[in-house]
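Notes follow the structure.
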Amino acid sequence: MLQNIRDNMQGAIAYGIVGLVIVTFGLFGVEALFMQGGMNRDSVAEVNGKEVKEIDLRRAMEMQKQQFRSMMGDKIDPRFLEDDFIRGPSLDNLVRRNVLVSEAEKKKMTVSSKVLDEKIVSDKTFRPGGQFDREYYTELLASSGFSPMSYREQLRGDYVVNQLQKGITLSSFIVEQQVDDMVELLHQKRSFSYIRLPLELFNSDITVDDQEINDYYSANQDRYLSEESVKVNYVLLSKKDLLPLVDIHESDILDQYQIELENFESNIERHAAHILIEEKADGSHQKTIAEISEKLKSGEDFADLAKAYSVDVGSAESGGDVGYSKGDIFVPEFEEALSSLEVGAVSEPVKTQFGYHFIKLLDKQQGEPPTLEESRKRIERELQAALVETLYVEKLEQMKNVSYDAGNLDDVALAISGNGFQAKKMTSDAFGRMGTSGPFRNPSVISTAFSGDFLEGTINSDVLELSESEALVMRLVEHNQPKILPLEDVRENVSAYLVSEKAKQKAEAKARELESLLQAGNSMEQVASENGFEWQLALDKERNSSGVDRQILEAVFRLAKPEGAPVTHIETLPSGDQVLISFTEVTTGEASVTEEQRAAIKRQLQQAAERQDMAMVEAVMRSRADIKQRKAKE
């Protein structure tokens, strides 16, 4: 169960709602899922009288951290994971959402309970085995900081906000002239020529003396600082180190194999279909039941009858098919009737809390159990993993309990040692805010190591769970503040920088000299040949044309149109190279693009208009909302 939850944490809970797919929900008792109350926490803001809870903010912050980790992986800047960095933006997003929800409610926008129920039950995130799993659903929500009620409220808010946004953006429009103008702009062509002056040509014969180096170093010492770093003592708890402590005996394997055999015997999967008839207060459903019974007796197809009569819209379209059950998916009355059927048989009407069901057993599956030898390695591996997990959880709890009050990590190492396991206090190499190798590249470790309380050196860190199999606690040994590096350590860097700067100045001066020749009426070809450079001619280039450096193209398309004479420009590339440009001609983009291209441009313009309109309306909504933000209580 827990592994399934971890595997699915990249799904709807972590990153929002997936598309609405309506399928069967009549068998599962959805309303029973939502009886647990929401969490009550101090509020951090209030929007039109509705509180934003601390728990909501914490959940939003964790989701933001997950998104950062997903996008950046190990290369993430640890500061992005610090609470101080993401708290403000996360709170602002929550306030924005609550403003929209409040506005939607004022406009009487709503969503029915039935739609929410269908959304939840049909969400693949909650169907690990192809069927809705109530226990899995509750566990997964809890692992993400939701109760069933709070998640339901989150869904409701998402629906009404979506309605509101659609109502606003559907009023956005663009006219065909805007599309024509954009086509002309995007497909505009420009002709130009250019000379590239490589920086390396200007490095020769440049020298810098000791006085220049000393003067520059003295005036710019803040550029030559050592990296801030820390060195820590730490205790690492790893499942890998616990493996040698676990012995699996032959009797353990035999016992587990016998349990699996017994489970296999009862592990019959039944493939069911049903026709659900809603019970009516006036008793009219009895006529429908009798009608279906007669048609079944006369040999009419069950699937066709399900499509025609069943009120379970999700399964009706697939002939009443509700998938497989091992006896624990459907409500008890349904399961009991299903288990009594032979393949192909249809039950008499079965009453449940949802109405009356005609149930058909489509198939029954049970394969041959694997032999002991086929199962031995797997069973041994699983038993070993289970014992290691138990031992790891026990020692992890000990580590957490002891490290909170321990004055040093020797006590922590001693507390979790025993039963053949010897934990050790170790000392890291110094590492900076970008981390280093091993556990010290973990963003949580880096973030903690450079946090204010930890840097005081008087406390142990919290126990940091690096993964499902490793945890670490650490204590500061030394904190090295950035220091000015001695001149002798950076002399070569200073010298190289000064040489580069002088070369840039020479290159810039040469580019200006050549530009003046162009402006005096000389051609690009003449200027290039007389000064020993190569020149390039670029005709009818569009913004995304290949064959020309991207920065040169962007520079050309920033220039004003030539009016009678070429427009000259000097562009400095990141390498320090200078590029002298002579921009000569503009050709208007043709409106005769393909229909697909035109449609794509129109979509982009429409989306831009919708975003602009939405931003303007949101600004008005926010300005008239009663918003109070409070400092979160610790």
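To be explicit about the labels: the chains of the structure tokens are called A, B, and onward in the order shown, and within each one the residues are counted from 1, while ligands get numbers from 1 in the order they are shown.
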
Inset, instruction - Just the strand (DSSP E or B) stuff from stretch 390-547 of chain A, please, per backbone DSSP, written as a ChimeraX atom specification. - result: /A:418,421,425-427,431,464-465,470-480,484,535-541

Please save N, CA and C atoms of the selected residues as a PDB file, in the first residue's frame.
ATOM      1  N   GLY A 418      23.547  -1.856  18.279  1.00  0.00           N
ATOM      2  CA  GLY A 418      23.065  -3.035  18.981  1.00  0.00           C
ATOM      3  C   GLY A 418      22.575  -4.083  18.022  1.00  0.00           C
ATOM      4  N   PHE A 421      24.722  -4.364  15.058  1.00  0.00           N
ATOM      5  CA  PHE A 421      24.873  -3.157  14.233  1.00  0.00           C
ATOM      6  C   PHE A 421      25.637  -2.104  15.021  1.00  0.00           C
ATOM      7  N   LYS A 425      29.712   7.826  14.277  1.00  0.00           N
ATOM      8  CA  LYS A 425      29.718   9.263  14.017  1.00  0.00           C
ATOM      9  C   LYS A 425      30.835   9.540  13.022  1.00  0.00           C
ATOM     10  N   MET A 426      30.491  10.220  11.945  1.00  0.00           N
ATOM     11  CA  MET A 426      31.477  10.534  10.908  1.00  0.00           C
ATOM     12  C   MET A 426      31.545  12.041  10.713  1.00  0.00           C
ATOM     13  N   THR A 427      32.604  12.480  10.048  1.00  0.00           N
ATOM     14  CA  THR A 427      32.795  13.906   9.791  1.00  0.00           C
ATOM     15  C   THR A 427      32.886  14.130   8.292  1.00  0.00           C
ATOM     16  N   PHE A 431      31.678  21.608   2.736  1.00  0.00           N
ATOM     17  CA  PHE A 431      30.885  21.746   1.515  1.00  0.00           C
ATOM     18  C   PHE A 431      30.123  23.058   1.542  1.00  0.00           C
ATOM     19  N   LEU A 464      16.865  13.754   9.019  1.00  0.00           N
ATOM     20  CA  LEU A 464      16.490  14.019   7.630  1.00  0.00           C
ATOM     21  C   LEU A 464      16.389  12.700   6.880  1.00  0.00           C
ATOM     22  N   GLU A 465      15.203  12.390   6.387  1.00  0.00           N
ATOM     23  CA  GLU A 465      15.006  11.153   5.629  1.00  0.00           C
ATOM     24  C   GLU A 465      15.360  11.426   4.172  1.00  0.00           C
ATOM     25  N   GLU A 470      17.375   5.631   3.668  1.00  0.00           N
ATOM     26  CA  GLU A 470      18.465   6.322   4.343  1.00  0.00           C
ATOM     27  C   GLU A 470      17.950   7.521   5.125  1.00  0.00           C
ATOM     28  N   ALA A 471      18.541   7.724   6.303  1.00  0.00           N
ATOM     29  CA  ALA A 471      18.231   8.899   7.115  1.00  0.00           C
ATOM     30  C   ALA A 471      19.517   9.381   7.769  1.00  0.00           C
ATOM     31  N   LEU A 472      19.541  10.661   8.080  1.00  0.00           N
ATOM     32  CA  LEU A 472      20.779  11.265   8.577  1.00  0.00           C
ATOM     33  C   LEU A 472      20.454  12.329   9.614  1.00  0.00           C
ATOM     34  N   VAL A 473      21.299  12.411  10.639  1.00  0.00           N
ATOM     35  CA  VAL A 473      21.240  13.517  11.584  1.00  0.00           C
ATOM     36  C   VAL A 473      22.644  14.098  11.659  1.00  0.00           C
ATOM     37  N   MET A 474      22.755  15.412  11.791  1.00  0.00           N
ATOM     38  CA  MET A 474      24.083  16.033  11.759  1.00  0.00           C
ATOM     39  C   MET A 474      24.172  17.160  12.780  1.00  0.00           C
ATOM     40  N   ARG A 475      25.425  17.548  13.045  1.00  0.00           N
ATOM     41  CA  ARG A 475      25.701  18.642  13.979  1.00  0.00           C
ATOM     42  C   ARG A 475      26.900  19.419  13.445  1.00  0.00           C
ATOM     43  N   LEU A 476      26.840  20.719  13.582  1.00  0.00           N
ATOM     44  CA  LEU A 476      27.875  21.584  13.018  1.00  0.00           C
ATOM     45  C   LEU A 476      29.222  21.376  13.711  1.00  0.00           C
ATOM     46  N   VAL A 477      30.264  21.266  12.888  1.00  0.00           N
ATOM     47  CA  VAL A 477      31.639  21.254  13.386  1.00  0.00           C
ATOM     48  C   VAL A 477      32.265  22.625  13.203  1.00  0.00           C
ATOM     49  N   GLU A 478      32.150  23.146  11.976  1.00  0.00           N
ATOM     50  CA  GLU A 478      32.676  24.492  11.725  1.00  0.00           C
ATOM     51  C   GLU A 478      31.905  25.157  10.597  1.00  0.00           C
ATOM     52  N   HIS A 479      31.808  26.461  10.699  1.00  0.00           N
ATOM     53  CA  HIS A 479      31.146  27.279   9.692  1.00  0.00           C
ATOM     54  C   HIS A 479      32.161  28.280   9.178  1.00  0.00           C
ATOM     55  N   ASN A 480      32.498  28.169   7.919  1.00  0.00           N
ATOM     56  CA  ASN A 480      33.501  29.040   7.318  1.00  0.00           C
ATOM     57  C   ASN A 480      32.816  30.122   6.500  1.00  0.00           C
ATOM     58  N   ILE A 484      38.212  36.952   1.990  1.00  0.00           N
ATOM     59  CA  ILE A 484      38.961  37.469   0.839  1.00  0.00           C
ATOM     60  C   ILE A 484      40.156  36.559   0.595  1.00  0.00           C
ATOM     61  N   TRP A 535      33.664  38.863 -44.306  1.00  0.00           N
ATOM     62  CA  TRP A 535      32.320  39.384 -44.104  1.00  0.00           C
ATOM     63  C   TRP A 535      31.299  38.373 -44.593  1.00  0.00           C
ATOM     64  N   GLN A 536      30.099  38.466 -44.047  1.00  0.00           N
ATOM     65  CA  GLN A 536      29.033  37.528 -44.379  1.00  0.00           C
ATOM     66  C   GLN A 536      27.808  38.297 -44.859  1.00  0.00           C
ATOM     67  N   LEU A 537      27.148  37.736 -45.887  1.00  0.00           N
ATOM     68  CA  LEU A 537      25.921  38.326 -46.413  1.00  0.00           C
ATOM     69  C   LEU A 537      24.752  37.421 -46.039  1.00  0.00           C
ATOM     70  N   ALA A 538      23.736  37.981 -45.437  1.00  0.00           N
ATOM     71  CA  ALA A 538      22.550  37.224 -45.024  1.00  0.00           C
ATOM     72  C   ALA A 538      21.326  37.846 -45.683  1.00  0.00           C
ATOM     73  N   LEU A 539      20.725  37.128 -46.630  1.00  0.00           N
ATOM     74  CA  LEU A 539      19.591  37.655 -47.385  1.00  0.00           C
ATOM     75  C   LEU A 539      18.283  37.012 -46.926  1.00  0.00           C
ATOM     76  N   ASP A 540      17.255  37.838 -46.800  1.00  0.00           N
ATOM     77  CA  ASP A 540      15.891  37.375 -46.507  1.00  0.00           C
ATOM     78  C   ASP A 540      15.850  36.390 -45.330  1.00  0.00           C
ATOM     79  N   LYS A 541      16.406  36.809 -44.231  1.00  0.00           N
ATOM     80  CA  LYS A 541      16.411  35.958 -43.039  1.00  0.00           C
ATOM     81  C   LYS A 541      15.194  36.271 -42.162  1.00  0.00           C
TER      82      LYS A 541
END

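Using only C-alpha atoms, the protein and nucleic acid residues lying no more than 9 Å from A:Val527, apart from those fewer than 4 places from it along its own chain, are Leu514, Glu515, Leu517, Leu518, Asn522, Ser523, Asn531, Gly532, Phe533 and Trp535 of chain A.
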
For A:Asn460, work out the shell of residues within 10 Å, counting only C-alpha atoms and skipping chain neighbours fewer than 5 positions away, then give it as a PDB file with C-alpha atoms, in the first residue's frame.
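Output contents, as saved in around_23.pdb:
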ATOM      1  CA  ASN A 233      29.526  15.509  12.127  1.00  0.00           C
ATOM      2  CA  TYR A 234      26.797  13.085  11.123  1.00  0.00           C
ATOM      3  CA  SER A 403      18.846  13.155  18.664  1.00  0.00           C
ATOM      4  CA  TYR A 404      16.308  15.760  19.773  1.00  0.00           C
ATOM      5  CA  ASP A 405      17.916  16.182  23.206  1.00  0.00           C
ATOM      6  CA  ALA A 406      21.386  14.696  22.705  1.00  0.00           C
ATOM      7  CA  GLY A 407      24.278  17.077  23.260  1.00  0.00           C
ATOM      8  CA  ASN A 408      26.437  15.191  20.770  1.00  0.00           C
ATOM      9  CA  LEU A 409      26.126  12.584  18.066  1.00  0.00           C
ATOM     10  CA  ASP A 453      19.423  27.656  13.950  1.00  0.00           C
ATOM     11  CA  PHE A 454      21.786  24.928  12.783  1.00  0.00           C
ATOM     12  CA  VAL A 473      21.240  13.517  11.584  1.00  0.00           C
ATOM     13  CA  MET A 474      24.083  16.033  11.759  1.00  0.00           C
ATOM     14  CA  ARG A 475      25.701  18.642  13.979  1.00  0.00           C
ATOM     15  CA  LEU A 476      27.875  21.584  13.018  1.00  0.00           C
TER      16      LEU A 476
END

Legend entry - Spatial neighbours of stretch 433-435 of chain A, max dist 12 Å, only C-alpha atoms, sep filter under 5 positions, as JSON, numbers by chain: {"A": [74, 75, 76, 77, 78, 79, 80, 227, 228, 229, 230, 231, 428, 440, 441, 442, 443, 444, 445, 446, 447, 448, 449, 450, 451, 479, 480, 481, 482]}

Mind writing the picked residues with C-alpha atoms as a CSV table (one decimal), in the first residue's frame?
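Result written to out30.csv:
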chain,number,residue,atom,x,y,z
A,74,ASP,CA,19.9,17.2,-8.2
A,75,LYS,CA,20.8,20.6,-9.8
A,76,ILE,CA,18.2,22.5,-7.7
A,77,ASP,CA,19.5,25.5,-5.8
A,78,PRO,CA,18.9,24.6,-2.2
A,79,ARG,CA,17.5,28.1,-1.5
A,80,PHE,CA,14.5,27.2,-3.6
A,227,GLU,CA,32.9,30.0,-0.8
A,228,GLU,CA,30.9,29.9,2.4
A,229,SER,CA,31.1,26.3,3.7
A,230,VAL,CA,30.3,24.1,6.6
A,231,LYS,CA,31.8,20.9,8.0
A,428,SER,CA,32.1,15.4,6.4
A,440,PHE,CA,25.6,16.2,1.1
A,441,ARG,CA,24.2,16.7,-2.4
A,442,ASN,CA,20.7,16.2,-1.0
A,443,PRO,CA,18.8,19.5,-1.1
A,444,SER,CA,17.2,19.0,2.3
A,445,VAL,CA,20.6,18.3,3.9
A,446,ILE,CA,22.1,21.4,2.2
A,447,SER,CA,19.2,23.6,3.2
A,448,THR,CA,19.4,22.4,6.8
A,449,ALA,CA,23.1,22.8,7.0
A,450,PHE,CA,22.9,26.5,6.1
A,451,SER,CA,19.8,27.3,8.1
A,479,HIS,CA,31.1,27.3,9.7
A,480,ASN,CA,33.5,29.0,7.3
A,481,GLN,CA,32.3,32.5,6.3
A,482,PRO,CA,33.4,33.8,2.9

Inset, instruction - Could you check which of A:Ser147, A:Thr436, A:Gly420, A:Ser172 is closest to A:Arg59, using only C-alpha atoms? - result: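 When distances to A:Arg59 are compared using only C-alpha atoms, the smallest one comes from A:Ser147.
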
Inset, instruction - Would you please work out which residue, of A:Glu279, A:Glu139, A:Glu294, A:Glu212, is nearest to A:Val311 when using only C-alpha atoms? - result: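 Residue with the minimum atom-to-atom distance to A:Val311: A:Glu279.
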
List the neighbours of A:Gln165 out to 9 Å using only C-alpha atoms; skip same-chain residues closer than 4 positions along the sequence, and give me the result as a PDB file with N, CA and C atoms, in the first residue's frame.
ATOM      1  N   LEU A 100     -10.781  34.143  -6.327  1.00  0.00           N
ATOM      2  CA  LEU A 100     -11.540  33.617  -7.462  1.00  0.00           C
ATOM      3  C   LEU A 100     -12.703  32.746  -6.995  1.00  0.00           C
ATOM      4  N   VAL A 160     -15.343  25.447  -9.672  1.00  0.00           N
ATOM      5  CA  VAL A 160     -16.011  26.748  -9.810  1.00  0.00           C
ATOM      6  C   VAL A 160     -15.046  27.809 -10.327  1.00  0.00           C
ATOM      7  N   VAL A 161     -13.762  27.714  -9.953  1.00  0.00           N
ATOM      8  CA  VAL A 161     -12.774  28.650 -10.499  1.00  0.00           C
ATOM      9  C   VAL A 161     -12.644  28.442 -12.002  1.00  0.00           C
ATOM     10  N   THR A 169     -12.725  34.227 -20.099  1.00  0.00           N
ATOM     11  CA  THR A 169     -11.882  34.082 -21.291  1.00  0.00           C
ATOM     12  C   THR A 169     -12.694  33.843 -22.559  1.00  0.00           C
ATOM     13  N   LEU A 170     -13.908  33.282 -22.410  1.00  0.00           N
ATOM     14  CA  LEU A 170     -14.732  33.076 -23.603  1.00  0.00           C
ATOM     15  C   LEU A 170     -15.182  34.391 -24.221  1.00  0.00           C
ATOM     16  N   MET A 614      -7.870  37.977 -18.357  1.00  0.00           N
ATOM     17  CA  MET A 614      -7.989  37.338 -17.048  1.00  0.00           C
ATOM     18  C   MET A 614      -7.192  38.097 -16.001  1.00  0.00           C
TER      19      MET A 614
END

Inset, instruction - Between atom CA of A:Asp304 and atom CA of A:Ile277, measure the distance and give it in Å to one decimal. - result: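 Between atom CA of A:Asp304 and atom CA of A:Ile277 the gap is 14.7 Å.
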
Legend entry - Atom pair atom CA of A:Pro148 / atom CA of A:Ile55: separation (Å): 14.5 Å

Legend entry - Computed interatomic separation between atom CA of A:Lys351 and atom CA of A:Phe334 (Å): 8.3 Å

Inset, instruction - Report the residues of stretch 385-629 of chain A whose backbone DSSP state falls under alpha helix (DSSP H), written as a PyMOL selection string. - result: chain A and resi 385-405+409-416+443-449+452-455+487-519+524-531+550-558+595-624
